[in-house]
Amino acid sequence: MGLKEDVQNTLGELALDFLECQGDLSVTVPKDKIVEVLTKLRDNLGFNFLSDVFGVDNSVFYEKLAKAKAKKKKGEEDKEEEPQGPPPPRFEVVYLLLSLETNKRLAVKIQVPEDDLVVDSVTCLWKAADWPERETFDMFGIRFKGHHNLKRLLMWDEFPAHPLRKDYPLEGQGEERILEYND
Amino acid sequence: MEVRRPTIEDWDNPGDLVTINIGPSHPAMHGTLRVIAQTDGETIVSAEPEIGYLHRGVEKLGEHLTYHQFIPITDRLNYCSAIANNVSYEMAVEKLMGIKVPEKAQVIRMIMMELARIADHIVCIGILGVDLGAFTPFFYLFIQREEIYEIFEWYNGARLTNTFGRIGGVEADLPEDFEERWRKLLPNLKKAIDETDKLLTHNRIWMDRTIGVTAFSPEDALSWGFTGPCLRACGVKRDLRKDEPYCFYDQVDFEIPVGKHGDVFDRYIVRMIEMEESIKIIDQAIKIYKEFPPDAPLMAKVPKIIKPPVGEVYSAIEAPNGELGFWIKSDGSDKPYRIKIRPPCYMVYQAFPELVQGEMIADLIACLSSLNIIAGELDR
């Protein structure tokens with residue numbers, strides 16, 4: 001039995017969507033169930049090692065997809081226009097899991113909308129999530145509920161923006177020029 | 001017997017503790033690391049590392065460069081073993097595009113990566129010795145490291161930042177006299193490792209300074225996400241070269257050294273044995289290499305402009321410090337949509353407060369050197 005079926009059986013309805021790419025499997029789960037899902041995967045399927053946690057800003061990705069779709073539609077104009085649903089959540093948080101026994105890897109993803117940037121912290125399951133979660137907060141502004149020390153990791157504390165968001169310019173916004181030094 | 005280490009809660013008045021700021025500009029802090037320690041006398045009650053002094057925004061930069069342009073940036077991650085970073089990134093892109101690399105190129109990559117591993121371990125052990133006051137082994141080892149860099153320079157002109165390989169293979173065959181150079185280097189390298197071993201391993205002072213210092217349990221190490229020599233020193237037999245073989249690692253014969261206590265001494269010993277195992281791997285790889293005809297292909301068929309299909313992959317290799325992985329998401333254009341680097345020492349260094357709690361300040365320096373924290377890949 002493949003990994004996909006195993007995950008499907010273990011998670012049941014919690015597995016919203018699967019994506020397979022070059023042999024890498026990733027599963028999307030509901031945002032508020034992430035601790036439950038990771039506990040299940042750890043205890044039942046042996047995914048006992050957390051490799052990494054990070055965020056992805058998908059805003060530009062969705063724009064491109066919509067454009068490509070619109071282009072396709074122009075070609076076949078007879079088709080009726082599909083009803084447009086609400087835009088998909090902007091951010092994604094990805095948890096890379098690894099099973100030390102079987103050496104299988106699995107990516108667990110949750111989608112985080114821009115108006116609700118709070119996610120449960122998984123530092124209660126793995127201590128390894130400590131800095132990666134802080135970095136995700138630093139770079140994307142996603143807050144982790146239950147994290148013991150959620151402050152900026154790489155940028156300085158007074159930094160006003162979240163630099164890995166797609167709308168942040170590559171050359172910065174001149175923050176270092178207005179930096180005030182506290183005594 | 002469990003030794004209870006003092007925590008900050010044991011003090012009714014934490015103002016009695018002395019706060020010491022070490023770094024970022026301190027000779028023992030490798031340039032850019034900063035630790036704020038609360039001390040009771042010389043004992044560390046709590047330590048908080050602060051990172052980000054070498055943050056260059058490599059991941060953001062990657063979103064604005066094409067796939068090939070990002071290879072030189074990966075040199076600057078772990079600059080002690082740039083070749084391992086290059087190959088790890090190239091393998092991730094190749095996986096994303098479904099390219100199969102010619103076998104001869106894989107062997108060349110393997111030989112170069114193992115040379116880089118030896119160079120990296122030499123830096124780690126040499127600096128560990130210097131930080132503990134043993135200056136001589138540093139010179140014995142660094143002369144040989146220089147020779148390894150000569151080979152790199154012979155191959156593609158660069159010493160430290162190699163920009164080795166291309167997506168889909170390697171750019172050039174090994175120089176004709178490569179084996180000759182290796183044979184010339186080998187006895188000296190073995191001798192240097194041997195001399196270091198004689199100088200340090202059974203040295204009374206060295207043993208007192210390293211054995212039992214910052215010991216770590218395997219359960220804690222796994223929970224903190226340790227990989228590489230630091231995890232193996234704790235007694236977990238895990239090496240991606242054996243567990244998820246890539247290149248020709250499943251066809252060569254080598255051992256994985258495993259420690260027991262996870263202290264500074266075990267980390268040192270694991271690295272020492274790994275260097276010898278790497279020599280064994282290179283010897284066998286050269287044998288495999290010689291079986292290929294001189295005109296065997298070195299590059300797979302790769303389009304000039306690399307545009308991987310939409311998708312996301314994660315690919316990891318065993319870099320000298322541990323699992324170095326790249327997660328790449330492509331949106332179908334010629335630039336990666338998002339690159340996430342999983343550096344090994346990032347995970348190791350976040351356990352630093354737990355490692356050094358209850359130890360002396362001098363042991364903090366020993367611990368830091370033995371973990372081989374490279375700020376380039378820590379801050380990215």
# chains A, B, ... in the order shown; residues from 1 in each chain; ligands from 1
>>> interface_residues(of="chain B", to="chain A", cutoff="10 Å", atoms="only C-alpha atoms", output="mmCIF file with N, CA, C and O atoms, in the first residue's frame")
data_model
loop_
_atom_site.group_PDB
_atom_site.id
_atom_site.type_symbol
_atom_site.label_atom_id
_atom_site.label_comp_id
_atom_site.auth_asym_id
_atom_site.auth_seq_id
_atom_site.Cartn_x
_atom_site.Cartn_y
_atom_site.Cartn_z
ATOM 1 N N GLU B 50 21.631 34.960 19.765
ATOM 2 C CA GLU B 50 20.963 35.903 18.868
ATOM 3 C C GLU B 50 21.632 35.788 17.506
ATOM 4 O O GLU B 50 22.850 35.901 17.399
ATOM 5 N N ILE B 51 20.834 35.549 16.496
ATOM 6 C CA ILE B 51 21.415 35.362 15.167
ATOM 7 C C ILE B 51 20.850 36.409 14.211
ATOM 8 O O ILE B 51 19.972 37.174 14.555
ATOM 9 N N GLY B 52 21.359 36.403 13.007
ATOM 10 C CA GLY B 52 20.872 37.340 11.997
ATOM 11 C C GLY B 52 21.910 38.372 11.601
ATOM 12 O O GLY B 52 21.633 39.242 10.794
ATOM 13 N N TYR B 53 23.118 38.296 12.170
ATOM 14 C CA TYR B 53 24.137 39.290 11.844
ATOM 15 C C TYR B 53 24.726 39.082 10.454
ATOM 16 O O TYR B 53 25.418 39.949 9.948
ATOM 17 N N LEU B 54 24.500 37.920 9.889
ATOM 18 C CA LEU B 54 24.992 37.677 8.524
ATOM 19 C C LEU B 54 23.814 37.410 7.587
ATOM 20 O O LEU B 54 23.945 36.744 6.576
ATOM 21 N N HIS B 55 22.645 37.931 7.944
ATOM 22 C CA HIS B 55 21.462 37.694 7.123
ATOM 23 C C HIS B 55 21.551 38.504 5.843
ATOM 24 O O HIS B 55 21.630 39.718 5.879
ATOM 25 N N ARG B 56 21.543 37.802 4.705
ATOM 26 C CA ARG B 56 21.660 38.493 3.436
ATOM 27 C C ARG B 56 20.425 38.324 2.573
ATOM 28 O O ARG B 56 20.379 38.762 1.443
ATOM 29 N N GLY B 57 19.430 37.622 3.107
ATOM 30 C CA GLY B 57 18.208 37.434 2.333
ATOM 31 C C GLY B 57 18.396 36.541 1.134
ATOM 32 O O GLY B 57 17.925 36.834 0.043
ATOM 33 N N GLU B 59 17.119 33.683 0.410
ATOM 34 C CA GLU B 59 15.891 33.101 -0.132
ATOM 35 C C GLU B 59 15.125 34.119 -0.976
ATOM 36 O O GLU B 59 14.559 33.794 -2.019
ATOM 37 N N LYS B 60 15.096 35.374 -0.511
ATOM 38 C CA LYS B 60 14.440 36.432 -1.297
ATOM 39 C C LYS B 60 15.193 36.655 -2.600
ATOM 40 O O LYS B 60 14.607 36.814 -3.660
ATOM 41 N N LEU B 61 16.513 36.657 -2.503
ATOM 42 C CA LEU B 61 17.351 36.846 -3.681
ATOM 43 C C LEU B 61 17.070 35.759 -4.721
ATOM 44 O O LEU B 61 17.021 36.028 -5.916
ATOM 45 N N GLU B 63 14.401 34.274 -5.416
ATOM 46 C CA GLU B 63 13.154 34.454 -6.156
ATOM 47 C C GLU B 63 13.324 35.405 -7.327
ATOM 48 O O GLU B 63 12.458 35.490 -8.186
ATOM 49 N N HIS B 64 14.423 36.159 -7.332
ATOM 50 C CA HIS B 64 14.626 37.126 -8.399
ATOM 51 C C HIS B 64 15.761 36.730 -9.334
ATOM 52 O O HIS B 64 16.175 37.525 -10.166
ATOM 53 N N LYS B 95 15.641 17.176 -9.697
ATOM 54 C CA LYS B 95 14.474 16.394 -9.286
ATOM 55 C C LYS B 95 13.195 17.078 -9.752
ATOM 56 O O LYS B 95 12.268 16.428 -10.234
ATOM 57 N N LEU B 96 13.166 18.398 -9.650
ATOM 58 C CA LEU B 96 11.990 19.158 -10.059
ATOM 59 C C LEU B 96 11.731 18.974 -11.547
ATOM 60 O O LEU B 96 10.587 18.905 -11.989
ATOM 61 N N MET B 97 12.798 18.907 -12.338
ATOM 62 C CA MET B 97 12.630 18.789 -13.783
ATOM 63 C C MET B 97 12.638 17.352 -14.260
ATOM 64 O O MET B 97 12.405 17.107 -15.446
ATOM 65 N N GLY B 98 12.926 16.420 -13.374
ATOM 66 C CA GLY B 98 12.970 15.024 -13.784
ATOM 67 C C GLY B 98 14.167 14.693 -14.656
ATOM 68 O O GLY B 98 14.071 13.845 -15.544
ATOM 69 N N ASP B 220 16.526 13.880 22.983
ATOM 70 C CA ASP B 220 16.533 15.335 22.864
ATOM 71 C C ASP B 220 17.047 15.754 21.494
ATOM 72 O O ASP B 220 16.495 16.650 20.852
ATOM 73 N N ALA B 221 18.112 15.094 21.058
ATOM 74 C CA ALA B 221 18.723 15.478 19.788
ATOM 75 C C ALA B 221 17.726 15.324 18.647
ATOM 76 O O ALA B 221 17.630 16.190 17.773
ATOM 77 N N LEU B 222 16.954 14.228 18.643
ATOM 78 C CA LEU B 222 15.985 14.031 17.566
ATOM 79 C C LEU B 222 14.861 15.042 17.660
ATOM 80 O O LEU B 222 14.364 15.546 16.658
ATOM 81 N N SER B 223 14.436 15.332 18.896
ATOM 82 C CA SER B 223 13.360 16.300 19.057
ATOM 83 C C SER B 223 13.788 17.685 18.589
ATOM 84 O O SER B 223 12.982 18.449 18.057
ATOM 85 N N TRP B 224 15.071 18.018 18.777
ATOM 86 C CA TRP B 224 15.567 19.320 18.340
ATOM 87 C C TRP B 224 15.891 19.338 16.856
ATOM 88 O O TRP B 224 16.323 20.355 16.335
ATOM 89 N N GLY B 225 15.767 18.205 16.182
ATOM 90 C CA GLY B 225 16.034 18.200 14.744
ATOM 91 C C GLY B 225 17.498 18.120 14.388
ATOM 92 O O GLY B 225 17.897 18.584 13.333
ATOM 93 N N PHE B 226 18.318 17.516 15.258
ATOM 94 C CA PHE B 226 19.743 17.364 14.944
ATOM 95 C C PHE B 226 19.916 16.438 13.736
ATOM 96 O O PHE B 226 19.164 15.482 13.562
ATOM 97 N N THR B 227 20.933 16.710 12.936
ATOM 98 C CA THR B 227 21.340 15.770 11.883
ATOM 99 C C THR B 227 22.861 15.797 11.823
ATOM 100 O O THR B 227 23.492 16.656 12.431
ATOM 101 N N ARG B 238 22.437 7.487 11.792
ATOM 102 C CA ARG B 238 21.634 8.054 10.709
ATOM 103 C C ARG B 238 22.533 8.861 9.785
ATOM 104 O O ARG B 238 23.260 9.745 10.210
ATOM 105 N N LEU B 240 22.290 10.173 5.587
ATOM 106 C CA LEU B 240 21.508 10.126 4.349
ATOM 107 C C LEU B 240 22.256 9.382 3.244
ATOM 108 O O LEU B 240 21.644 8.874 2.323
ATOM 109 N N ASP B 243 20.939 6.022 4.218
ATOM 110 C CA ASP B 243 19.495 5.867 4.367
ATOM 111 C C ASP B 243 18.728 6.227 3.101
ATOM 112 O O ASP B 243 17.732 5.601 2.770
ATOM 113 N N GLU B 244 19.148 7.293 2.434
ATOM 114 C CA GLU B 244 18.504 7.671 1.171
ATOM 115 C C GLU B 244 19.610 7.856 0.147
ATOM 116 O O GLU B 244 19.940 8.980 -0.215
ATOM 117 N N PRO B 309 8.352 22.515 -14.736
ATOM 118 C CA PRO B 309 6.890 22.547 -14.657
ATOM 119 C C PRO B 309 6.430 22.974 -13.260
ATOM 120 O O PRO B 309 7.201 22.933 -12.301
ATOM 121 N N VAL B 310 5.166 23.386 -13.171
ATOM 122 C CA VAL B 310 4.619 23.806 -11.878
ATOM 123 C C VAL B 310 4.710 22.644 -10.898
ATOM 124 O O VAL B 310 4.364 21.505 -11.221
ATOM 125 N N GLY B 311 5.212 22.920 -9.714
ATOM 126 C CA GLY B 311 5.318 21.844 -8.733
ATOM 127 C C GLY B 311 6.237 22.248 -7.606
ATOM 128 O O GLY B 311 6.793 23.344 -7.592
ATOM 129 N N GLU B 312 6.371 21.359 -6.637
ATOM 130 C CA GLU B 312 7.242 21.648 -5.501
ATOM 131 C C GLU B 312 7.920 20.362 -5.057
ATOM 132 O O GLU B 312 7.290 19.319 -4.967
ATOM 133 N N VAL B 313 9.223 20.432 -4.828
ATOM 134 C CA VAL B 313 9.957 19.241 -4.399
ATOM 135 C C VAL B 313 10.873 19.604 -3.242
ATOM 136 O O VAL B 313 11.225 20.760 -3.036
ATOM 137 N N TYR B 314 11.233 18.579 -2.481
ATOM 138 C CA TYR B 314 12.241 18.728 -1.447
ATOM 139 C C TYR B 314 13.304 17.688 -1.695
ATOM 140 O O TYR B 314 12.997 16.525 -1.926
ATOM 141 N N SER B 315 14.548 18.113 -1.700
ATOM 142 C CA SER B 315 15.634 17.167 -1.909
ATOM 143 C C SER B 315 16.743 17.481 -0.920
ATOM 144 O O SER B 315 17.088 18.641 -0.728
ATOM 145 N N GLU B 323 21.908 17.182 7.397
ATOM 146 C CA GLU B 323 20.971 17.192 6.280
ATOM 147 C C GLU B 323 20.813 18.596 5.717
ATOM 148 O O GLU B 323 20.298 19.481 6.377
ATOM 149 N N GLY B 325 18.934 20.537 2.880
ATOM 150 C CA GLY B 325 17.843 20.319 1.936
ATOM 151 C C GLY B 325 17.406 21.596 1.264
ATOM 152 O O GLY B 325 17.565 22.695 1.802
ATOM 153 N N TRP B 327 13.954 23.125 -0.618
ATOM 154 C CA TRP B 327 12.552 22.981 -1.027
ATOM 155 C C TRP B 327 12.299 24.046 -2.063
ATOM 156 O O TRP B 327 12.460 25.237 -1.805
ATOM 157 N N LYS B 329 9.690 25.623 -5.001
ATOM 158 C CA LYS B 329 8.382 25.670 -5.635
ATOM 159 C C LYS B 329 8.520 26.420 -6.940
ATOM 160 O O LYS B 329 9.091 27.508 -6.985
ATOM 161 N N SER B 330 8.028 25.810 -8.005
ATOM 162 C CA SER B 330 8.117 26.435 -9.309
ATOM 163 C C SER B 330 6.727 26.841 -9.777
ATOM 164 O O SER B 330 5.756 26.133 -9.545
ATOM 165 N N ASP B 331 6.636 28.009 -10.428
ATOM 166 C CA ASP B 331 5.353 28.413 -11.008
ATOM 167 C C ASP B 331 5.399 28.323 -12.528
ATOM 168 O O ASP B 331 4.580 28.914 -13.211
ATOM 169 N N GLY B 332 6.384 27.595 -13.037
ATOM 170 C CA GLY B 332 6.456 27.403 -14.482
ATOM 171 C C GLY B 332 7.279 28.449 -15.195
ATOM 172 O O GLY B 332 7.488 28.359 -16.394
ATOM 173 N N TYR B 337 9.772 30.100 -7.713
ATOM 174 C CA TYR B 337 8.770 30.907 -7.009
ATOM 175 C C TYR B 337 9.142 31.075 -5.560
ATOM 176 O O TYR B 337 9.007 32.143 -4.987
ATOM 177 N N ARG B 338 9.638 30.011 -4.951
ATOM 178 C CA ARG B 338 10.094 30.112 -3.562
ATOM 179 C C ARG B 338 11.164 29.059 -3.353
ATOM 180 O O ARG B 338 10.993 27.909 -3.767
ATOM 181 N N ILE B 339 12.254 29.461 -2.723
ATOM 182 C CA ILE B 339 13.307 28.515 -2.350
ATOM 183 C C ILE B 339 13.407 28.526 -0.850
ATOM 184 O O ILE B 339 13.514 29.594 -0.237
ATOM 185 N N LYS B 340 13.321 27.377 -0.229
ATOM 186 C CA LYS B 340 13.566 27.308 1.205
ATOM 187 C C LYS B 340 14.766 26.415 1.423
ATOM 188 O O LYS B 340 14.804 25.286 0.933
ATOM 189 N N ILE B 341 15.729 26.945 2.120
ATOM 190 C CA ILE B 341 16.930 26.179 2.419
ATOM 191 C C ILE B 341 16.778 25.611 3.819
ATOM 192 O O ILE B 341 16.374 26.327 4.743
ATOM 193 N N ARG B 342 17.098 24.343 3.970
ATOM 194 C CA ARG B 342 17.074 23.739 5.297
ATOM 195 C C ARG B 342 18.507 23.506 5.721
ATOM 196 O O ARG B 342 19.116 22.493 5.398
ATOM 197 N N PRO B 343 19.121 24.482 6.405
ATOM 198 C CA PRO B 343 20.517 24.316 6.769
ATOM 199 C C PRO B 343 20.652 23.445 8.015
ATOM 200 O O PRO B 343 19.832 23.551 8.934
ATOM 201 N N PRO B 344 21.659 22.570 8.037
ATOM 202 C CA PRO B 344 21.784 21.667 9.188
ATOM 203 C C PRO B 344 22.088 22.382 10.499
ATOM 204 O O PRO B 344 21.509 22.043 11.532
ATOM 205 N N TYR B 346 21.410 25.304 11.578
ATOM 206 C CA TYR B 346 20.301 26.120 12.091
ATOM 207 C C TYR B 346 19.541 25.334 13.164
ATOM 208 O O TYR B 346 19.230 25.839 14.243
ATOM 209 N N MET B 347 19.265 24.059 12.858
ATOM 210 C CA MET B 347 18.531 23.215 13.800
ATOM 211 C C MET B 347 19.382 22.887 15.033
ATOM 212 O O MET B 347 18.868 22.781 16.131
ATOM 213 N N VAL B 348 20.691 22.708 14.782
ATOM 214 C CA VAL B 348 21.562 22.348 15.894
ATOM 215 C C VAL B 348 21.726 23.521 16.846
ATOM 216 O O VAL B 348 21.681 23.379 18.062
ATOM 217 N N TYR B 349 21.856 24.719 16.267
ATOM 218 C CA TYR B 349 22.176 25.873 17.094
ATOM 219 C C TYR B 349 20.994 26.319 17.946
ATOM 220 O O TYR B 349 21.179 26.950 18.971
ATOM 221 N N GLN B 350 19.760 25.975 17.530
ATOM 222 C CA GLN B 350 18.633 26.423 18.351
ATOM 223 C C GLN B 350 18.564 25.651 19.668
ATOM 224 O O GLN B 350 17.905 26.103 20.608
ATOM 225 N N ALA B 351 19.249 24.528 19.762
ATOM 226 C CA ALA B 351 19.293 23.795 21.026
ATOM 227 C C ALA B 351 20.406 24.299 21.933
ATOM 228 O O ALA B 351 20.628 23.748 23.009
ATOM 229 N N LEU B 378 23.615 29.568 8.656
ATOM 230 C CA LEU B 378 22.707 29.791 9.776
ATOM 231 C C LEU B 378 21.764 30.949 9.467
ATOM 232 O O LEU B 378 20.552 30.848 9.650
ATOM 233 N N ASP B 379 22.315 32.031 8.973
ATOM 234 C CA ASP B 379 21.504 33.230 8.754
ATOM 235 C C ASP B 379 20.969 33.335 7.326
ATOM 236 O O ASP B 379 19.982 34.006 7.088
ATOM 237 N N ARG B 380 21.627 32.710 6.428
ATOM 238 C CA ARG B 380 21.270 32.732 5.011
ATOM 239 C C ARG B 380 21.179 34.149 4.443
ATOM 240 O O ARG B 380 20.316 34.876 4.545
#
>>> select_by_dssp(residues="stretch 82-193 of chain B", states="helix (DSSP H, G or I)", output="number ranges by chain")
B: 82-97, 103-131, 136-156, 178-193
>>> atom_distance(atom1="atom CA of A:Val27", atom2="atom CA of A:Asp43")
17.2 Å
>>> residues_around(residues="stretch 215-219 of chain B", least_positions_apart="5", cutoff="8 Å", atoms="only C-alpha atoms", output="tab-separated table (two decimals) with N, CA, C and O atoms, in the first residue's frame")
chain	number	residue	atom	x	y	z
B	231	LEU	N	24.28	14.56	15.56
B	231	LEU	CA	23.30	13.53	15.91
B	231	LEU	C	23.99	12.18	16.09
B	231	LEU	O	23.70	11.44	17.04
B	234	CYS	N	25.49	11.57	19.34
B	234	CYS	CA	24.55	11.21	20.42
B	234	CYS	C	24.18	9.74	20.38
B	234	CYS	O	23.44	9.27	21.26
B	235	GLY	N	24.60	9.01	19.37
B	235	GLY	CA	24.34	7.58	19.35
B	235	GLY	C	23.25	7.16	18.39
B	235	GLY	O	22.78	6.03	18.46
B	236	VAL	N	22.82	8.03	17.50
B	236	VAL	CA	21.80	7.66	16.52
B	236	VAL	C	22.51	7.40	15.19
B	236	VAL	O	23.20	8.28	14.68
B	261	HIS	N	27.75	9.53	23.95
B	261	HIS	CA	27.27	10.50	24.94
B	261	HIS	C	26.87	11.83	24.35
B	261	HIS	O	26.24	12.63	25.03
B	262	GLY	N	27.23	12.09	23.11
B	262	GLY	CA	26.88	13.37	22.50
B	262	GLY	C	27.61	14.55	23.10
B	262	GLY	O	27.12	15.66	23.06
B	263	ASP	N	28.79	14.31	23.67
B	263	ASP	CA	29.56	15.43	24.23
B	263	ASP	C	30.57	15.93	23.19
B	263	ASP	O	30.63	15.42	22.08
B	264	VAL	N	31.34	16.91	23.58
B	264	VAL	CA	32.28	17.52	22.64
B	264	VAL	C	33.27	16.47	22.13
B	264	VAL	O	33.60	16.43	20.94
B	355	LEU	N	21.93	23.02	25.58
B	355	LEU	CA	23.23	22.35	25.60
B	355	LEU	C	24.15	22.93	26.67
B	355	LEU	O	24.83	22.19	27.38
>>> atom_distance(atom1="atom CA of A:Leu97", atom2="atom CA of A:Gly46")
9.7 Å
>>> closest_residue(among="A:Asn149, A:Asp115, A:Val37, A:Leu45", to="A:Lys4", atoms="only C-alpha atoms")
A:Leu45
>>> residues_around(residues="B:Tyr89", least_positions_apart="2", cutoff="12 Å", atoms="only C-alpha atoms", output="VMD selection string")
chain B and resid 62 67 to 75 77 82 to 87 91 to 96 163 to 168 313 to 317 319 324 to 328 336 339 to 343
>>> residues_around(residues="A:Pro87", least_positions_apart="3", cutoff="10 Å", atoms="only C-alpha atoms", output="number ranges by chain")
A: 59, 62-63, 84, 90, 113
>>> residues_around(residues="A:Gly141", least_positions_apart="6", cutoff="9 Å", atoms="only C-alpha atoms", output="PDB file with C-alpha atoms, in the first residue's frame")
ATOM      1  CA  LEU A 117      -2.763  34.977  10.614  1.00  0.00           C
ATOM      2  CA  ALA A 161       7.694  44.776   7.503  1.00  0.00           C
ATOM      3  CA  HIS A 162       7.791  41.074   6.648  1.00  0.00           C
ATOM      4  CA  ARG A 165       6.101  38.523   1.370  1.00  0.00           C
TER       5      ARG A 165
END
>>> closest_residue(among="A:Ser121, A:Asn9, A:Ser99, A:Thr39", to="A:His147", atoms="only C-alpha atoms")
A:Ser121
>>> select_by_dssp(residues="stretch 29-123 of chain A", states="strand (DSSP E or B)", output="PyMOL selection string")
chain A and resi 49-57+91-98+105-112+118-120
>>> atom_distance(atom1="atom CA of B:Pro14", atom2="atom CA of B:Phe352")
20.9 Å
>>> residues_around(residues="stretch 178-195 of chain B", least_positions_apart="6", cutoff="6 Å", atoms="only C-alpha atoms", output="ChimeraX atom specification")
/B:140-141,144
>>> decode(residues="stretch 112-167 of chain A", atoms="C-alpha atoms", output="compact mmCIF listing (two decimals), in the first residue's frame")
# COMPACT_ATOMS: atom_id res chain seq x y z
CA VAL A 112 -3.56 30.70 6.19
CA PRO A 113 -5.83 33.57 5.05
CA GLU A 114 -4.53 37.10 5.31
CA ASP A 115 -7.18 38.22 7.80
CA ASP A 116 -6.51 35.41 10.27
CA LEU A 117 -2.76 34.98 10.61
CA VAL A 118 -2.79 32.83 13.76
CA VAL A 119 -1.69 29.20 13.71
CA ASP A 120 -1.25 26.77 16.59
CA SER A 121 2.37 26.20 17.46
CA VAL A 122 3.77 22.67 17.18
CA THR A 123 6.63 23.28 19.61
CA CYS A 124 4.69 21.03 22.03
CA LEU A 125 5.37 18.08 19.68
CA TRP A 126 8.89 18.87 18.50
CA LYS A 127 11.28 21.35 20.01
CA ALA A 128 12.76 21.70 16.53
CA ALA A 129 9.84 23.95 15.55
CA ASP A 130 11.15 26.72 17.80
CA TRP A 131 13.30 28.78 15.45
CA PRO A 132 11.56 27.87 12.18
CA GLU A 133 8.29 29.20 13.61
CA ARG A 134 10.01 32.36 14.75
CA GLU A 135 11.48 32.77 11.29
CA THR A 136 8.08 32.25 9.67
CA PHE A 137 6.69 34.98 11.92
CA ASP A 138 9.63 37.19 11.04
CA MET A 139 9.38 36.70 7.31
CA PHE A 140 5.62 36.42 6.75
CA GLY A 141 3.94 37.81 9.86
CA ILE A 142 2.17 34.53 10.67
CA ARG A 143 1.72 34.24 14.44
CA PHE A 144 2.04 30.94 16.27
CA LYS A 145 -0.25 30.51 19.26
CA GLY A 146 1.46 28.76 22.17
CA HIS A 147 5.02 29.55 21.13
CA HIS A 148 7.03 30.49 24.21
CA ASN A 149 9.20 33.17 22.68
CA LEU A 150 7.70 34.51 19.46
CA LYS A 151 9.89 37.38 18.40
CA ARG A 152 11.85 38.22 15.30
CA LEU A 153 14.76 35.92 14.57
CA LEU A 154 16.77 37.28 11.65
CA MET A 155 15.58 40.86 11.29
CA TRP A 156 15.92 43.31 14.15
CA ASP A 157 13.03 43.73 16.57
CA GLU A 158 11.83 47.12 15.31
CA PHE A 159 11.74 46.08 11.66
CA PRO A 160 8.37 47.26 10.34
CA ALA A 161 7.69 44.78 7.50
CA HIS A 162 7.79 41.07 6.65
CA PRO A 163 10.43 40.74 3.94
CA LEU A 164 9.62 37.42 2.29
CA ARG A 165 6.10 38.52 1.37
CA LYS A 166 5.79 38.97 -2.35
CA ASP A 167 4.80 42.64 -2.12
